[in-house]
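Q: Got a structure here, written out as structure tokens. Questions coming.
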Amino acid sequence: MNYRTLGKTGYEISEVSLGTWQLGNGWSGDFDEKAAEKTLESAMELGVNFLDTADGYSDGLSEKKVGEFVRKHRDDLYLATKCGRRLNPHVASGYNRENITRFVEDSLRNTGLDALDLLQLHCPPTDVYYKPEVFEALDDLKQQGKLVNYGVSVERVEEALKSIEYPGVATVQIIFNMFRQRPAELFFEQAKKKNIGVIVRVPLASGLLSGKISKNTSFSESDHRSFNRDGAAFDKGETFSGVPFDIGLAAVEELKAAFDQKDYSLAQYALRWILMFDAVSCVIPGASRREQAESNAAVSAMPTLTPEQMSSVKNIYDKYIKPEVHQLW
């Protein structure tokens, strides 16, 4: 496993880390505590040292399980969590000092930690990024020792750029993948200038970039790929990166033709593509079993992609995907 510095936090983290929403939440089904434990153990054995969770995953159960695991290996692991999505309604006014403080106290209680290594606002409404008092509250919580660092998880490049105007913001979590390339433009440039850690989520476009989904694939009713394709529950860009399903499948077929999959899968090439960008601190694919964790971790040892392969991805993006998503997020 290779390691990269997570911006101004100074943490040396595994470039392939672990997003834990797959351990059980409203996106993928019920919480399985034993499976979660095995997945966490497998990831750590493979060199993963950065775990990303949220208070809303399985109503705090994911946060509790990840926190319990981190406490057992406190010198070897970093825990990042997120807050805000439990607000109902999820509106900008809910991001106030009182609620943020309450969320932090809840996360400390759930994880059992004395301080949170990294707290991220969980994709708040755009207006939140224009409220300095929100970031002042986070500064105060950091000064009180309840947070070591804080950052944001964003939906849009606009939000990412606005957030890093606040000096206390240490990290930005953002969707970036072969089907969502806009962050590589201005945002990555600014993130490097300001020493911002960049955490990449939804790296496989909700599984599209695994190459294993077809037009006949069925998803359970509790899977966001069933109920959120048009943004009925949350931002449409979280599901298949906002790409219309049929267009995404057509693009994937061309990607399959562009990569020789004898030694590596399309999913691994998609993760390796993300790590080709030096502004990226880590990518956080999910895993629900050891085989997935092993496949993800193996990406760190893959050869770099060739200029021809990078060009092929760009051409396929320009042909199929750019007109659909580029200016939306």
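Scheme for the structure tokens: letters A, B, ... for chains in order shown; per-chain residue numbers from 1; ligand numbers from 1 in order shown.
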Give me the residues within 7 Å of A:Ser281 as a short mmCIF file (atom, residue, chain, number, x, y, z; two decimals) with N, CA and C atoms, in the first residue's frame, counting only C-alpha atoms and dropping any in the same chain fewer than 3 places off.
A:
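The resulting file, result_14.cif, is reproduced below:
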data_model
loop_
_atom_site.label_atom_id
_atom_site.label_comp_id
_atom_site.auth_asym_id
_atom_site.auth_seq_id
_atom_site.Cartn_x
_atom_site.Cartn_y
_atom_site.Cartn_z
N ARG A 4 -0.28 8.70 1.13
CA ARG A 4 -0.22 10.10 0.72
C ARG A 4 -0.60 10.98 1.91
N THR A 5 -0.15 12.22 1.87
CA THR A 5 -0.46 13.15 2.96
C THR A 5 -1.85 13.74 2.75
N LEU A 6 -2.66 13.71 3.79
CA LEU A 6 -4.01 14.25 3.72
C LEU A 6 -3.98 15.76 4.00
N GLU A 15 -3.53 5.43 0.21
CA GLU A 15 -4.14 6.06 -0.95
C GLU A 15 -5.43 5.36 -1.37
N GLY A 197 -6.56 18.40 1.72
CA GLY A 197 -6.68 16.98 1.49
C GLY A 197 -7.91 16.70 0.65
N VAL A 198 -7.77 15.88 -0.37
CA VAL A 198 -8.89 15.55 -1.26
C VAL A 198 -9.23 14.06 -1.11
N ILE A 199 -10.44 13.82 -0.64
CA ILE A 199 -10.95 12.47 -0.43
C ILE A 199 -11.97 12.19 -1.53
#
Q: Using DSSP secondary structure from the backbone, list all helix (DSSP H, G or I) positions within stretch 213-271 of chain A, as JSON, numbers by chain.
A: {"A": [224, 225, 226, 227, 236, 237, 238, 240, 241, 242, 245, 246, 247, 248, 249, 250, 251, 252, 253, 254, 255, 256, 257, 258, 266, 267, 268, 269, 270, 271]}
Q: Using only C-alpha atoms, tabulate the residues of stretch 228-264 of chain A lying at most 10 Å from any atom of stretch 291-314 of chain A, each with its closest atom pair and that distance in Å to one decimal, by chain and increasing residue number, as CSV.
A:
residue,atom,partner,partner_atom,distance
A:Ala251,CA,A:Val313,CA,9.5
A:Glu254,CA,A:Ser312,CA,9.0
A:Leu255,CA,A:Val313,CA,7.0
A:Ala257,CA,A:Ser312,CA,9.8
A:Ala258,CA,A:Ser312,CA,6.6
A:Phe259,CA,A:Gln309,CA,7.3
A:Asp263,CA,A:Met302,CA,9.8
A:Tyr264,CA,A:Met302,CA,8.5
Q: Assign secondary structure with DSSP using the backbone only, and return the residues of stretch 151-203 of chain A in strand (DSSP E or B) as a CSV table (one decimal) with N, CA and C atoms, in the first residue's frame.
A:
chain,number,residue,atom,x,y,z
A,151,GLY,N,-13.5,19.3,7.8
A,151,GLY,CA,-13.6,19.5,6.4
A,151,GLY,C,-15.0,19.4,6.0
A,152,VAL,N,-15.2,19.2,4.7
A,152,VAL,CA,-16.6,19.2,4.1
A,152,VAL,C,-16.7,18.1,3.1
A,153,SER,N,-17.9,17.6,2.9
A,153,SER,CA,-18.2,16.7,1.8
A,153,SER,C,-19.2,17.4,1.0
A,169,VAL,N,-10.7,24.8,7.0
A,169,VAL,CA,-11.1,23.6,6.3
A,169,VAL,C,-9.8,22.9,5.8
A,170,ALA,N,-9.7,21.6,6.2
A,170,ALA,CA,-8.5,20.9,6.0
A,170,ALA,C,-8.7,19.9,4.8
A,171,THR,N,-9.9,19.5,4.6
A,171,THR,CA,-10.2,18.4,3.6
A,171,THR,C,-11.5,18.7,2.9
A,172,VAL,N,-11.5,18.2,1.7
A,172,VAL,CA,-12.8,18.2,0.9
A,172,VAL,C,-13.0,16.8,0.3
A,173,GLN,N,-14.2,16.3,0.6
A,173,GLN,CA,-14.6,15.0,0.0
A,173,GLN,C,-15.5,15.3,-1.2
A,174,ILE,N,-15.2,14.7,-2.3
A,174,ILE,CA,-15.9,15.0,-3.5
A,174,ILE,C,-16.0,13.8,-4.4
A,175,ILE,N,-17.1,13.8,-5.3
A,175,ILE,CA,-17.2,12.7,-6.3
A,175,ILE,C,-16.3,13.1,-7.4
A,177,ASN,N,-14.5,10.6,-10.7
A,177,ASN,CA,-14.3,9.3,-11.3
A,177,ASN,C,-14.3,9.5,-12.8
A,180,ARG,N,-17.0,11.6,-13.8
A,180,ARG,CA,-17.2,12.9,-13.2
A,180,ARG,C,-15.9,13.6,-13.1
A,197,GLY,N,-6.6,18.4,1.7
A,197,GLY,CA,-6.7,17.0,1.5
A,197,GLY,C,-7.9,16.7,0.7
A,198,VAL,N,-7.8,15.9,-0.4
A,198,VAL,CA,-8.9,15.5,-1.3
A,198,VAL,C,-9.2,14.1,-1.1
A,199,ILE,N,-10.4,13.8,-0.6
A,199,ILE,CA,-11.0,12.5,-0.4
A,199,ILE,C,-12.0,12.2,-1.5
A,200,VAL,N,-11.7,11.2,-2.3
A,200,VAL,CA,-12.6,10.9,-3.4
A,200,VAL,C,-13.6,9.8,-3.1
A,201,ARG,N,-14.9,10.1,-3.2
A,201,ARG,CA,-15.9,9.1,-3.0
A,201,ARG,C,-16.7,8.8,-4.3
Q: At a cut-off of 8 Å, using only C-alpha atoms, what residues contact A:Tyr320? Leave out same-chain residues fewer than 6 positions from it and give the result as a list in words.
A: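 That gives Ile247, Gly248, Ala250 and Ala251 of chain A.
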Q: Residues as selected, C-alpha atoms, written as a compact mmCIF listing (two decimals), in the first residue's frame, can you do that?
A:
# COMPACT_ATOMS: atom_id res chain seq x y z
CA ILE A 247 -25.73 6.34 -21.54
CA GLY A 248 -23.50 5.10 -18.74
CA ALA A 250 -22.85 2.55 -23.49
CA ALA A 251 -19.78 4.41 -22.21
Q: Find the residue from A:Phe69, A:Phe50, A:Tyr317, A:Phe240 that sits nearest to A:Glu33; use only C-alpha atoms when measuring.
A: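 Of all the options, A:Phe69 lies closest to A:Glu33.
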Q: Mind checking which residues fall within 9 Å of A:Lys65, counting only C-alpha atoms, ignoring those fewer than 2 positions away in the same chain, and posting them as a list in words?
A: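 That gives Glu33, Ala36, Glu37, Gly60, Leu61, Ser62, Glu63, Gly67, Glu68, Phe69, Val70, Asn110 and Thr111 of chain A.
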Q: Since we have the selection now, will you write its residues out, keeping C-alpha atoms, as a tab-separated table (two decimals), in the first residue's frame?
A:
chain	number	residue	atom	x	y	z
A	33	GLU	CA	-22.26	-6.30	12.44
A	36	ALA	CA	-18.65	-5.15	9.10
A	37	GLU	CA	-16.05	-6.44	11.56
A	60	GLY	CA	-25.22	5.61	14.04
A	61	LEU	CA	-24.53	1.87	13.97
A	62	SER	CA	-21.78	2.20	11.37
A	63	GLU	CA	-20.17	4.97	13.39
A	67	GLY	CA	-15.32	3.62	16.35
A	68	GLU	CA	-15.07	0.38	18.30
A	69	PHE	CA	-12.62	-1.00	15.74
A	70	VAL	CA	-10.52	2.17	15.71
A	110	ASN	CA	-21.00	6.75	19.17
A	111	THR	CA	-17.31	6.29	18.40
Q: Taking into account only C-alpha atoms, which residue in the set A:Phe179, A:Ile100, A:Lys319, A:Gln120 is nearest to A:Asp140?
A: A:Ile100
Q: Could you work out how far atom CA of A:Ala279 lies from atom CA of A:Ala184, giving the answer in Å with one decimal?
A: 8.4 Å
Q: Need to verify the contact set: A:Glu185, 12 Å, only C-alpha atoms, exclusion of same-chain residues closer than 3 positions in sequence. Can you return it as an NGL selection string?
A: :A and (157-158 or 161 or 176 or 180-182 or 188-192 or 277 or 279 or 326)
Q: Would you please work out which residue, of A:Thr101, A:Ala92, A:Ser214, A:Thr81, is nearest to A:Trp21 when using only C-alpha atoms?
A: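 With only C-alpha atoms as the atom set, the closest residue is A:Thr81.
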Q: Which residues, written as a tab-separated table (two decimals) with C-alpha atoms, in the first residue's frame, have at least one atom at most 12 Å from A:Gly94, with only C-alpha atoms counted and residues fewer than 2 positions away on the same chain left out?
A:
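As written to disk, part38.tsv reads:
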chain	number	residue	atom	x	y	z
A	83	CYS	CA	-22.62	15.12	10.23
A	84	GLY	CA	-25.66	17.06	9.10
A	85	ARG	CA	-27.75	14.65	7.07
A	86	ARG	CA	-29.85	13.73	10.08
A	87	LEU	CA	-31.44	17.16	9.90
A	88	ASN	CA	-35.09	16.94	8.96
A	89	PRO	CA	-35.71	18.98	6.95
A	90	HIS	CA	-32.17	19.10	5.61
A	91	VAL	CA	-31.93	22.88	5.19
A	92	ALA	CA	-29.16	25.44	5.56
A	96	ASN	CA	-26.10	26.20	13.29
A	97	ARG	CA	-23.84	26.14	16.33
A	98	GLU	CA	-26.34	24.30	18.50
A	99	ASN	CA	-27.01	21.49	16.06
A	100	ILE	CA	-23.40	21.05	14.96
A	101	THR	CA	-22.29	20.86	18.59
A	102	ARG	CA	-24.98	18.27	19.28
A	103	PHE	CA	-23.92	16.21	16.27
A	121	LEU	CA	-20.11	18.49	7.04
A	124	PRO	CA	-24.98	20.50	3.23
A	125	PRO	CA	-27.10	22.80	1.05
A	127	ASP	CA	-26.08	28.21	1.18
A	128	VAL	CA	-24.17	26.73	4.13
A	131	LYS	CA	-22.33	31.22	6.26
A	134	VAL	CA	-20.85	27.67	10.54
Q: Extract, using only C-alpha atoms, all DNA, RNA and protein residues at most 12 Å from A:His73, discarding same-chain residues fewer than 5 positions from it, and format them as a PDB file with C-alpha atoms, in the first residue's frame.
A:
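What follows is the written file result_31.pdb:
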ATOM      1  CA  LEU A  40     -12.640  -3.705   8.671  1.00  0.00           C
ATOM      2  CA  GLU A  41     -10.132  -6.366   9.711  1.00  0.00           C
ATOM      3  CA  MET A  44      -6.481  -3.013   7.900  1.00  0.00           C
ATOM      4  CA  GLU A  45      -4.482  -6.176   7.113  1.00  0.00           C
ATOM      5  CA  ASN A  49      -5.471   3.115   7.766  1.00  0.00           C
ATOM      6  CA  PHE A  50      -8.200   5.671   6.993  1.00  0.00           C
ATOM      7  CA  VAL A  66     -16.041   1.756  13.107  1.00  0.00           C
ATOM      8  CA  GLY A  67     -15.315   3.620  16.350  1.00  0.00           C
ATOM      9  CA  GLU A  68     -15.070   0.375  18.300  1.00  0.00           C
ATOM     10  CA  TYR A  78      -7.652   7.414  11.459  1.00  0.00           C
ATOM     11  CA  LEU A  79     -11.421   7.856  11.668  1.00  0.00           C
ATOM     12  CA  LEU A 113     -13.229   8.593  21.010  1.00  0.00           C
TER      13      LEU A 113
END
Q: Between A:Ser288, A:Thr20, A:Ala233, A:Pro203, single out the one closest to A:Leu271, counting only C-alpha atoms.
A: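 Going through A:Ser288, A:Thr20, A:Ala233, A:Pro203 one by one, the smallest distance to A:Leu271 is for A:Pro203.
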Q: So, counting only C-alpha atoms, which residue among A:Trp329, A:Asp52, A:Asp246, A:Ile274 is closest to A:Thr126?
A: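 Selected residue with least distance to A:Thr126: A:Trp329.
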Q: So which one's closest to A:Ser241, A:Ser58, A:Asn149, A:Ser206, A:Gln268? Using only C-alpha atoms, please.
A: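 Of A:Ser58, A:Asn149, A:Ser206, A:Gln268, the one nearest A:Ser241, counting only C-alpha atoms, is A:Ser206.
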Q: By how many Å are atom CA of A:Tyr166 and atom CA of A:Cys123 apart?
A: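 Atom CA of A:Cys123 lies 16.4 Å from atom CA of A:Tyr166.
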Q: For atom CA of A:Tyr11 and atom CA of A:Asp106, determine how far apart the two atoms are, in Å to one decimal place.
A: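 Value for the atom CA of A:Tyr11-atom CA of A:Asp106 distance: 24.1 Å.
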